[in-house]
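> I'm passing along final13.cif; it holds mmCIF, C-alpha atoms and all ligand atoms.
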```
data_input
#
loop_
_atom_site.label_atom_id
_atom_site.label_comp_id
_atom_site.auth_asym_id
_atom_site.auth_seq_id
_atom_site.Cartn_x
_atom_site.Cartn_y
_atom_site.Cartn_z
CA MET H 282 1.67 -11.87 -11.02
CA ILE H 283 4.14 -9.05 -10.76
CA ILE H 284 4.58 -7.95 -7.15
CA ALA H 285 5.26 -4.35 -6.25
CA GLU H 286 5.06 -2.04 -3.27
CA ARG H 287 4.71 1.69 -2.95
CA LYS H 288 7.93 3.66 -2.97
CA PRO H 289 8.84 5.70 0.09
CA LEU H 290 6.87 8.94 -0.03
CA ASN H 291 9.89 11.21 0.20
CA GLU H 292 11.28 9.62 -2.98
CA ILE H 293 8.02 10.29 -4.79
CA MET H 294 7.79 13.84 -3.44
CA ASP H 295 11.35 14.49 -4.66
CA MET H 296 10.53 13.26 -8.17
CA ILE H 297 7.58 15.60 -8.46
CA GLN H 298 8.97 18.59 -6.62
CA ASP H 299 8.64 20.86 -9.65
CA ALA H 300 5.30 19.51 -10.83
CA ARG H 301 2.05 21.18 -9.83
CA ARG H 302 -0.41 19.04 -11.81
CA ILE H 303 0.07 15.35 -11.31
CA LEU H 304 -1.61 12.43 -12.99
CA VAL H 305 -1.55 9.52 -10.54
CA LEU H 306 -2.05 6.52 -12.76
CA GLY H 307 -2.92 3.07 -11.46
CA CYS H 308 -3.21 -0.26 -13.24
CA ARG H 309 -5.99 -2.80 -12.88
CA GLY H 310 -3.62 -5.70 -13.53
CA CYS H 311 -1.08 -7.30 -11.21
CA VAL H 312 -0.58 -4.27 -8.97
CA THR H 313 -4.29 -4.15 -8.17
CA VAL H 314 -4.18 -7.77 -7.08
CA CYS H 315 -1.14 -7.18 -4.86
CA SER H 316 -2.67 -3.97 -3.48
CA ALA H 317 0.21 -1.76 -4.61
CA GLY H 318 -1.17 0.30 -7.48
CA GLY H 319 -4.88 -0.21 -8.02
CA GLU H 320 -7.69 2.28 -7.71
CA ARG H 321 -7.58 2.33 -3.92
CA GLU H 322 -3.83 2.89 -3.77
CA VAL H 323 -4.11 5.65 -6.39
CA GLU H 324 -6.63 7.42 -4.19
CA ILE H 325 -4.34 7.10 -1.17
CA LEU H 326 -1.19 8.21 -2.98
CA ALA H 327 -2.96 11.18 -4.58
CA SER H 328 -4.16 12.26 -1.16
CA LEU H 329 -0.66 11.87 0.32
CA ILE H 330 0.83 13.85 -2.57
CA ARG H 331 -1.66 16.67 -1.96
CA LEU H 332 -0.85 16.62 1.76
CA GLY H 333 2.88 16.62 1.05
CA LYS H 334 2.51 19.58 -1.30
CA GLN H 335 0.22 21.40 1.14
CA LYS H 336 2.86 20.94 3.81
CA ALA H 337 5.50 22.35 1.47
CA GLY H 338 3.21 25.31 0.88
CA GLN H 339 2.77 24.44 -2.78
CA SER H 340 -0.45 24.36 -4.73
CA VAL H 341 -1.19 21.08 -6.47
CA GLU H 342 -3.82 19.47 -8.63
CA THR H 343 -4.09 15.73 -8.98
CA ILE H 344 -5.90 13.61 -11.51
CA GLU H 345 -6.61 10.07 -10.33
CA ALA H 346 -7.08 7.35 -12.93
CA THR H 347 -6.55 3.65 -13.32
CA LEU H 348 -5.98 1.95 -16.69
CA VAL H 349 -7.01 -1.61 -17.51
CA ARG H 350 -3.32 -2.30 -18.02
CA GLN H 351 -0.28 -0.14 -18.60
CA CYS H 352 1.60 -2.83 -20.52
CA ASP H 353 -0.56 -2.62 -23.64
CA ARG H 354 -0.45 0.15 -26.20
CA GLU H 355 -4.21 0.31 -26.62
CA TYR H 356 -4.74 1.13 -22.95
CA VAL H 357 -1.76 3.46 -22.63
CA ASP H 358 -3.15 5.46 -25.57
CA SER H 359 -6.07 6.47 -23.38
CA ILE H 360 -3.84 8.81 -21.36
CA ASP H 361 -4.17 11.29 -24.23
CA GLN H 362 -7.51 12.33 -22.74
CA TRP H 363 -5.54 14.23 -20.06
CA ASP H 364 -3.14 15.90 -22.53
CA GLY H 365 -2.15 19.36 -21.34
CA LYS H 366 -3.70 18.75 -17.93
CA TYR H 367 -0.66 17.36 -16.12
CA ASP H 368 3.03 18.19 -15.68
CA ALA H 369 4.04 14.70 -14.59
CA ILE H 370 2.69 11.19 -14.35
CA VAL H 371 3.28 9.03 -11.30
CA SER H 372 2.62 5.51 -12.54
CA MET H 373 1.65 2.95 -9.94
CA ALA H 374 1.98 0.05 -12.38
CA CYS H 375 5.02 -2.17 -12.34
CA GLY H 376 8.17 -1.02 -14.14
CA VAL H 377 6.74 -2.38 -17.38
CA GLY H 378 3.97 0.20 -17.25
CA VAL H 379 6.37 3.08 -16.61
CA ASN H 380 8.55 1.93 -19.53
CA PHE H 381 5.56 1.60 -21.81
CA ILE H 382 4.40 5.13 -21.10
CA ALA H 383 7.95 6.42 -21.58
CA ASN H 384 8.24 4.51 -24.90
CA LEU H 385 4.91 5.60 -26.27
CA ARG H 386 4.80 9.21 -25.02
CA PRO H 387 8.35 10.54 -25.47
CA MET H 388 7.43 14.00 -24.18
CA ALA H 389 5.77 12.83 -20.97
CA LYS H 390 7.58 12.98 -17.65
CA VAL H 391 6.71 9.67 -16.05
CA TYR H 392 7.90 8.52 -12.64
CA PRO H 393 7.59 5.21 -10.80
CA GLY H 394 5.28 5.24 -7.77
CA VAL H 395 6.14 1.67 -6.80
CA ASN H 396 9.16 -0.58 -6.54
CA THR H 397 8.65 -3.67 -8.67
CA THR H 398 9.95 -6.52 -6.60
CA SER H 399 9.27 -9.92 -8.12
CA PHE H 400 7.07 -12.46 -9.87
CA GLY H 401 5.21 -14.14 -7.11
CA GLY H 402 2.01 -15.08 -5.43
CA SER H 403 0.11 -14.36 -2.27
CA ALA H 404 1.32 -16.83 0.35
CA GLU H 405 -1.26 -15.56 2.84
CA GLN H 406 -3.25 -12.37 3.18
CA GLY H 407 -0.88 -9.44 3.02
CA VAL H 408 2.19 -11.58 2.26
CA TRP H 409 3.65 -12.18 -1.21
CA SER H 410 6.62 -14.33 -2.09
CA GLU H 411 8.81 -14.66 -5.13
CA GLN H 412 8.30 -17.86 -7.12
CA CYS H 413 9.81 -17.34 -10.58
CA ALA H 414 12.59 -15.14 -11.92
CA GLY H 415 11.54 -15.19 -15.57
CA CYS H 416 14.77 -16.90 -16.59
CA GLY H 417 13.53 -17.77 -20.07
CA ASN H 418 14.44 -21.46 -19.89
CA CYS H 419 12.17 -23.17 -17.43
CA ILE H 420 13.45 -26.29 -15.69
CA LEU H 421 10.56 -26.91 -13.30
CA HIS H 422 9.98 -30.36 -14.84
CA LEU H 423 13.33 -31.39 -13.35
CA THR H 424 12.82 -29.92 -9.92
CA GLY H 425 9.39 -31.09 -8.86
CA GLY H 426 7.82 -27.78 -9.85
CA LEU H 427 9.91 -25.76 -7.38
CA CYS H 428 12.17 -23.09 -8.81
CA PRO H 429 15.83 -23.01 -7.77
CA VAL H 430 16.54 -19.96 -9.94
CA ALA H 431 14.18 -17.71 -7.99
CA ARG H 432 13.97 -19.49 -4.68
CA CYS H 433 17.57 -20.61 -4.03
CA ALA H 434 19.60 -17.67 -2.75
CA LYS H 435 22.46 -18.73 -5.03
CA SER H 436 20.32 -19.95 -7.94
CA LEU H 437 22.15 -23.26 -7.73
CA MET H 438 21.31 -25.88 -10.32
CA ASN H 439 22.76 -28.74 -8.25
CA GLY H 440 21.88 -27.93 -4.68
CA PRO H 441 21.72 -27.75 -1.82
CA CYS H 442 24.88 -25.91 -0.84
CA GLY H 443 26.73 -26.65 2.38
CA GLY H 444 24.81 -23.96 4.23
CA SER H 445 21.47 -25.77 4.21
CA VAL H 446 20.59 -26.68 7.80
CA GLY H 447 17.39 -28.37 8.94
CA GLY H 448 15.63 -27.42 5.72
CA ARG H 449 16.50 -23.73 6.15
CA CYS H 450 18.66 -21.54 3.93
CA GLU H 451 21.84 -20.14 5.42
CA ILE H 452 20.89 -16.59 4.50
CA HIS H 453 18.01 -16.55 7.01
CA LYS H 454 16.20 -19.03 9.19
CA ASP H 455 12.85 -17.82 7.79
CA VAL H 456 13.87 -18.80 4.25
CA PRO H 457 13.26 -22.45 3.38
CA CYS H 458 16.07 -24.16 1.52
CA ILE H 459 14.35 -24.77 -1.80
CA TRP H 460 16.80 -27.53 -2.64
CA GLN H 461 15.73 -29.39 0.49
CA SER H 462 12.12 -28.94 -0.69
CA ILE H 463 13.06 -30.13 -4.20
CA HIS H 464 14.70 -33.27 -2.79
CA ASP H 465 11.72 -33.95 -0.52
CA LYS H 466 9.34 -33.45 -3.42
CA LEU H 467 11.26 -35.75 -5.78
CA VAL H 468 11.31 -38.44 -3.09
CA ARG H 469 7.57 -37.99 -2.56
CA ILE H 470 6.78 -38.36 -6.25
CA ASP H 471 9.23 -41.23 -6.56
CA ASN H 472 11.52 -39.55 -9.09
CA LYS H 473 14.80 -41.27 -8.26
CA GLU H 474 16.42 -40.43 -11.60
CA GLY H 475 15.67 -36.77 -11.04
CA LEU H 476 17.40 -36.91 -7.67
CA ALA H 477 20.53 -38.45 -9.14
CA ALA H 478 20.70 -36.29 -12.25
CA ILE H 479 23.42 -33.64 -12.45
CA ALA H 480 22.36 -30.48 -14.22
CA PRO H 481 24.82 -29.31 -16.87
CA ILE H 482 26.37 -25.85 -16.80
CA ARG H 483 23.58 -23.51 -17.62
CA ASP H 484 23.35 -21.03 -20.45
CA TRP H 485 22.07 -17.84 -18.85
CA SER H 486 21.69 -15.92 -22.09
CA THR H 487 17.91 -16.33 -21.92
CA ALA H 488 17.88 -14.84 -18.42
CA GLY H 489 18.69 -11.30 -19.47
CA HIS H 490 22.44 -11.81 -19.59
CA GLY H 491 22.20 -11.68 -23.37
CA GLY H 492 20.58 -8.23 -23.38
CA PRO H 493 16.89 -7.28 -23.25
CA ARG H 494 14.68 -10.19 -24.15
CA ARG H 495 12.09 -10.14 -26.85
CA THR H 496 9.38 -12.63 -27.59
CA VAL H 497 8.11 -12.83 -31.15
CA ARG H 498 5.16 -15.02 -32.09
CA ASN H 499 4.97 -15.16 -35.86
CA ASP H 500 1.55 -16.73 -35.65
CA LEU H 501 0.30 -13.58 -33.97
CA THR H 502 2.21 -10.77 -35.67
CA VAL H 503 0.51 -8.83 -38.46
CA MET C 38 -8.16 33.60 20.78
CA PRO C 39 -7.12 30.22 22.21
CA PHE C 40 -6.38 27.48 19.70
CA ILE C 41 -9.23 24.99 19.57
CA PRO C 42 -7.98 22.06 17.53
CA ASN C 43 -10.16 20.73 14.76
CA ILE C 44 -10.41 17.03 15.54
CA GLN C 45 -12.32 14.53 13.47
CA ALA C 46 -13.40 11.43 15.35
CA PHE C 47 -14.57 8.29 13.57
CA CYS C 48 -16.47 6.11 15.99
CA CYS C 49 -18.35 2.90 15.52
CA HIS C 50 -21.99 2.75 16.31
CA TYR C 51 -21.43 0.48 19.30
CA THR C 52 -18.86 2.58 21.12
CA SER C 53 -20.56 5.93 20.53
CA GLN C 54 -24.30 5.31 20.45
CA GLN C 55 -25.16 5.78 24.08
CA THR C 56 -22.92 8.77 24.62
CA LEU C 57 -24.28 10.49 21.53
CA ALA C 58 -27.83 9.81 22.71
CA GLU C 59 -27.11 12.24 25.57
CA GLY C 60 -27.13 15.13 23.12
CA PRO C 61 -24.55 17.90 22.73
CA GLU C 62 -25.49 19.87 25.84
CA ARG C 63 -25.12 16.98 28.24
CA MET C 64 -21.96 15.78 26.51
CA LYS C 65 -20.48 19.24 27.03
CA ALA C 66 -21.51 19.11 30.68
CA ASP C 67 -19.72 15.74 30.92
CA GLY C 68 -16.53 17.43 29.73
CA PHE C 69 -16.56 16.50 26.01
CA PRO C 70 -14.22 19.09 24.46
CA GLU C 71 -15.10 21.65 21.81
CA GLY C 72 -13.83 21.30 18.25
CA ILE C 73 -14.38 17.55 17.93
CA THR C 74 -16.68 16.34 15.17
CA ILE C 75 -17.93 12.80 15.53
CA HIS C 76 -18.56 10.68 12.46
CA ARG C 77 -20.57 7.64 13.37
CA LEU C 78 -19.92 4.48 11.38
CA VAL C 79 -21.56 1.08 11.31
CA CYS C 80 -18.15 -0.43 11.98
CA THR C 81 -14.65 1.07 12.04
CA GLY C 82 -13.59 -1.86 9.82
CA LYS C 83 -15.40 -0.05 7.00
CA LEU C 84 -13.12 2.96 7.30
CA GLU C 85 -10.89 3.56 4.31
CA VAL C 86 -7.38 4.99 4.64
CA SER C 87 -8.42 7.62 2.10
CA THR C 88 -11.31 8.80 4.31
CA LEU C 89 -8.92 9.43 7.18
CA LEU C 90 -6.45 11.21 4.91
CA LYS C 91 -9.27 13.38 3.51
CA ALA C 92 -9.97 14.55 7.04
CA PHE C 93 -6.44 15.95 7.17
CA GLU C 94 -6.82 17.43 3.70
CA GLU C 95 -9.98 19.17 4.83
CA GLY C 96 -8.24 20.85 7.71
CA ALA C 97 -8.22 18.46 10.65
CA ASP C 98 -5.45 19.10 13.16
CA GLY C 99 -5.97 15.63 14.57
CA VAL C 100 -7.98 12.52 13.80
CA TYR C 101 -8.95 9.55 15.90
CA VAL C 102 -10.85 6.34 15.53
CA ALA C 103 -12.77 4.68 18.34
CA GLY C 104 -13.76 1.07 17.82
CA CYS C 105 -14.59 -1.94 19.93
CA PRO C 106 -12.06 -3.69 22.17
CA VAL C 107 -9.58 -5.68 20.08
CA ASP C 108 -10.95 -9.11 21.00
CA LYS C 109 -14.58 -8.07 21.47
CA CYS C 110 -15.47 -6.30 18.24
CA HIS C 111 -19.15 -6.56 17.36
CA ASN C 112 -18.03 -7.46 13.83
CA LEU C 113 -15.16 -9.70 14.96
CA MET C 114 -12.17 -8.04 13.27
CA GLY C 115 -13.48 -4.58 12.40
CA SER C 116 -11.59 -2.62 15.01
CA GLN C 117 -8.39 -4.59 14.35
CA ARG C 118 -8.62 -3.67 10.68
CA ALA C 119 -9.17 -0.03 11.59
CA ALA C 120 -6.14 -0.14 13.89
CA LYS C 121 -3.98 -1.37 10.99
CA ARG C 122 -5.19 1.45 8.76
CA VAL C 123 -4.47 3.99 11.47
CA ALA C 124 -0.98 2.50 11.84
CA ALA C 125 -0.47 2.82 8.06
CA ILE C 126 -1.39 6.50 8.25
CA LYS C 127 0.93 7.02 11.21
CA SER C 128 3.84 5.79 9.08
CA ALA C 129 2.73 7.88 6.10
CA LEU C 130 2.60 10.97 8.34
CA ALA C 131 6.08 10.16 9.63
CA GLU C 132 7.27 9.85 6.02
CA LEU C 133 5.93 13.35 5.40
CA ASP C 134 7.71 14.54 8.53
CA VAL C 135 4.49 15.16 10.41
CA GLU C 136 3.84 14.00 13.98
CA PRO C 137 2.30 10.50 13.79
CA GLU C 138 0.48 11.24 17.07
CA ARG C 139 -1.91 13.40 15.11
CA ILE C 140 -3.85 10.24 14.45
CA GLU C 141 -4.76 7.60 17.01
CA MET C 142 -6.77 4.43 17.41
CA PHE C 143 -8.71 3.76 20.60
CA HIS C 144 -10.41 0.52 21.56
CA LEU C 145 -13.35 1.24 23.84
CA GLU C 146 -16.01 -0.78 25.61
CA ARG C 147 -19.48 -0.51 24.24
CA GLY C 148 -22.24 1.44 25.89
CA PHE C 149 -22.08 4.55 28.00
CA HIS C 150 -18.80 4.98 29.80
CA PRO C 151 -16.46 7.78 30.82
CA GLU C 152 -13.65 6.55 28.49
CA PHE C 153 -15.47 7.91 25.47
CA VAL C 154 -15.13 11.39 26.94
CA LYS C 155 -11.67 10.66 28.31
CA VAL C 156 -10.11 9.77 24.95
CA ALA C 157 -11.69 12.88 23.43
CA GLN C 158 -10.07 14.98 26.17
CA GLN C 159 -6.78 13.17 25.70
CA MET C 160 -6.76 13.91 21.94
CA HIS C 161 -7.84 17.51 22.56
CA GLU C 162 -4.91 18.02 24.93
CA ARG C 163 -2.45 16.24 22.70
CA ILE C 164 -3.38 18.17 19.56
CA SER C 165 -3.61 21.47 21.46
CA ALA C 166 0.00 20.90 22.50
CA LEU C 167 1.08 19.96 18.95
CA GLY C 168 -0.61 23.02 17.48
CA SER C 169 -2.18 23.62 14.12
CA SER C 170 -1.79 21.02 11.37
CA PRO C 171 1.35 21.49 9.24
CA PHE C 172 -0.86 20.75 6.22
CA LYS C 173 -2.53 24.12 6.61
CA GLY C 174 0.35 26.29 5.43
CA GLU C 175 0.07 29.19 2.96
CA LYS C 176 0.14 28.16 -0.71
CA LYS C 177 2.80 29.41 -3.10
S1 LIG U 601 1.42 -2.84 -16.36
FE1 LIG U 601 2.47 -4.26 -15.00
S2 LIG U 601 1.11 -4.38 -13.25
FE2 LIG U 601 -0.10 -3.59 -14.92
S3 LIG U 601 -1.00 -5.46 -15.85
FE3 LIG U 601 0.85 -4.98 -16.95
S4 LIG U 601 2.38 -6.27 -16.00
FE4 LIG U 601 0.69 -6.17 -14.58
S1 LIG U 602 13.17 -22.06 -13.97
FE1 LIG U 602 13.10 -19.98 -14.82
S2 LIG U 602 11.13 -19.79 -15.84
FE2 LIG U 602 11.04 -21.65 -14.56
S3 LIG U 602 10.13 -20.90 -12.64
FE3 LIG U 602 12.35 -20.75 -12.38
S4 LIG U 602 12.89 -18.68 -13.04
FE4 LIG U 602 10.81 -19.09 -13.75
#
```
Once you've parsed the file, please lay out its structure as structure tokens.

Amino acid sequence: MIIAERKPLNEIMDMIQDARRILVLGCRGCVTVCSAGGEREVEILASLIRLGKQKAGQSVETIEATLVRQCDREYVDSIDQWDGKYDAIVSMACGVGVNFIANLRPMAKVYPGVNTTSFGGSAEQGVWSEQCAGCGNCILHLTGGLCPVARCAKSLMNGPCGGSVGGRCEIHKDVPCIWQSIHDKLVRIDNKEGLAAIAPIRDWSTAGHGGPRRTVRNDLTV
Amino acid sequence: MPFIPNIQAFCCHYTSQQTLAEGPERMKADGFPEGITIHRLVCTGKLEVSTLLKAFEEGADGVYVAGCPVDKCHNLMGSQRAAKRVAAIKSALAELDVEPERIEMFHLERGFHPEFVKVAQQMHERISALGSSPFKGEKK
């Protein structure tokens, strides 16, 4: 899923300093699962916004709502029910949601309520870690299912680097060296060829270095 | 008129039951301060962050939560969960430039004991010194 976390409150309060009617809009997708922008977090942020405005001596009205997703036109369209009732939207979806609202409602002022951090999973309760960087050319079949693009600090294709010590990455002792893990995994699954293989120079154009990416499925378009 | 802070206390059944059974008159005689409203909960672990924030929205000058001792909660982890939520609100208050001490978590033994009154007095003194909630300003 996409991992996000709430932005610092003062940033949010700055964005909405001129707004008096605020639609705080959550998403039931990824950000609900990672407890950043679901119904509960919308309720909390709306309350904090009202408190912040009260403290500033400003009147404020908030509308609290949570869409099924903010990355689909059909759900985003439902914000029209609040037309004329808000000055600004604080979206608690990932950056995709904010972009979608901005694309589809050119007149709306929409602000991000969260920082979108990564594609990851919940390692343990309350802890999420990045697992994939969406590089557009997956090589997990070569690396025992462990991603060097997202999980190696240098995104090396032929690791580890010289800084790998005792299975730890040189950037921090809490970060495992994913290349050590890849080697260990390939040994465990008896993939000797994989261990010896040298990855060729990589074409990063699918990883966003060739401009915004677009996926078209002709079997699905109408 | 002296400032009597509006304090909202959220207490679990186990920490508050016997003191509350005394009734308001006897609690007052025991030194329980004025201006404190007690909300009794089955477990402080059930408390939502939004409930505590609402208390501030509705005019509380201070808020506190009283749950079981950390390692002796009737519902195992309830009071630890509550403590985390209180800590989250402390940082949110700090982000809004409001004294984090306006909210506090207390872990108390169950049954009748003087600490229940003592923490109430402690909060009353603390909030009296801090003054009225900065969330109660005039609206523009
Ligand atoms: S808008 Fe973002 S957070 Fe919500 S479902 Fe879509 S991708 Fe996930
Ligand atoms: S190789 Fe690319 S697509 Fe595959 S997991 Fe890593 S970042 Fe994601």
> Return the single residue from C:Tyr101, C:Phe93, C:Tyr51, C:Phe143 that is closest to chain H, with distances computed using all atoms listed in the file.
C:Phe93
> Neighbours of ligand LIG 601 (chain U) within 6 Å, counting all atoms listed in the file, as a ChimeraX atom specification?
/H:283,308,310-312,350-352,374-375,377-378
> Distance limit 9 Å, reference ligand LIG 602 (chain U), atoms considered: all atoms listed in the file. Which residues make the cut? Give them as a PyMOL selection string.
chain H and resi 400+412-422+424+426-432+488
> Could you please select, counting all atoms listed in the file, the residues of chain C within 10 Å of chain H and state them as a VMD selection string?
chain C and resid 85 to 91 93 to 95 126 129 to 135 170 to 177
> Let me see the file: selected residues, C-alpha atoms, as a PDB file, keeping the file's coordinate frame.

```
ATOM      1  CA  GLU C  85     -10.890   3.560   4.310  1.00  0.00           C
ATOM      2  CA  VAL C  86      -7.380   4.990   4.640  1.00  0.00           C
ATOM      3  CA  SER C  87      -8.420   7.620   2.100  1.00  0.00           C
ATOM      4  CA  THR C  88     -11.310   8.800   4.310  1.00  0.00           C
ATOM      5  CA  LEU C  89      -8.920   9.430   7.180  1.00  0.00           C
ATOM      6  CA  LEU C  90      -6.450  11.210   4.910  1.00  0.00           C
ATOM      7  CA  LYS C  91      -9.270  13.380   3.510  1.00  0.00           C
ATOM      8  CA  PHE C  93      -6.440  15.950   7.170  1.00  0.00           C
ATOM      9  CA  GLU C  94      -6.820  17.430   3.700  1.00  0.00           C
ATOM     10  CA  GLU C  95      -9.980  19.170   4.830  1.00  0.00           C
ATOM     11  CA  ILE C 126      -1.390   6.500   8.250  1.00  0.00           C
ATOM     12  CA  ALA C 129       2.730   7.880   6.100  1.00  0.00           C
ATOM     13  CA  LEU C 130       2.600  10.970   8.340  1.00  0.00           C
ATOM     14  CA  ALA C 131       6.080  10.160   9.630  1.00  0.00           C
ATOM     15  CA  GLU C 132       7.270   9.850   6.020  1.00  0.00           C
ATOM     16  CA  LEU C 133       5.930  13.350   5.400  1.00  0.00           C
ATOM     17  CA  ASP C 134       7.710  14.540   8.530  1.00  0.00           C
ATOM     18  CA  VAL C 135       4.490  15.160  10.410  1.00  0.00           C
ATOM     19  CA  SER C 170      -1.790  21.020  11.370  1.00  0.00           C
ATOM     20  CA  PRO C 171       1.350  21.490   9.240  1.00  0.00           C
ATOM     21  CA  PHE C 172      -0.860  20.750   6.220  1.00  0.00           C
ATOM     22  CA  LYS C 173      -2.530  24.120   6.610  1.00  0.00           C
ATOM     23  CA  GLY C 174       0.350  26.290   5.430  1.00  0.00           C
ATOM     24  CA  GLU C 175       0.070  29.190   2.960  1.00  0.00           C
ATOM     25  CA  LYS C 176       0.140  28.160  -0.710  1.00  0.00           C
ATOM     26  CA  LYS C 177       2.800  29.410  -3.100  1.00  0.00           C
TER      27      LYS C 177
END
```
> Hey, what's within 10 Å of region 55-69 of chain C if we count all atoms listed in the file and toss same-chain stuff fewer than 5 positions away? As a list in words, please?
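Using all atoms listed in the file, the neighbours found are His50, Ile75, Arg77, Arg147, Gly148, Phe149, His150, Pro151, Phe153, Val154, Lys155, Val156, Ala157, Gln158 and His161 of chain C.
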> Taking 5 positions as the minimum chain separation for residues in the same chain, which residues sit within 10 Å of region 379-382 of chain H when counting all atoms listed in the file? Answer as a PyMOL selection string.
chain H and resi 306+351-354+357-358+360+370-374+387-395
> From the list H:Ile344, H:Leu437, H:Ile479, H:Ala317, which residue is nearest Leu304 (chain H) when using all atoms listed in the file?
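Nearest to Leu304 (chain H): H:Ile344.
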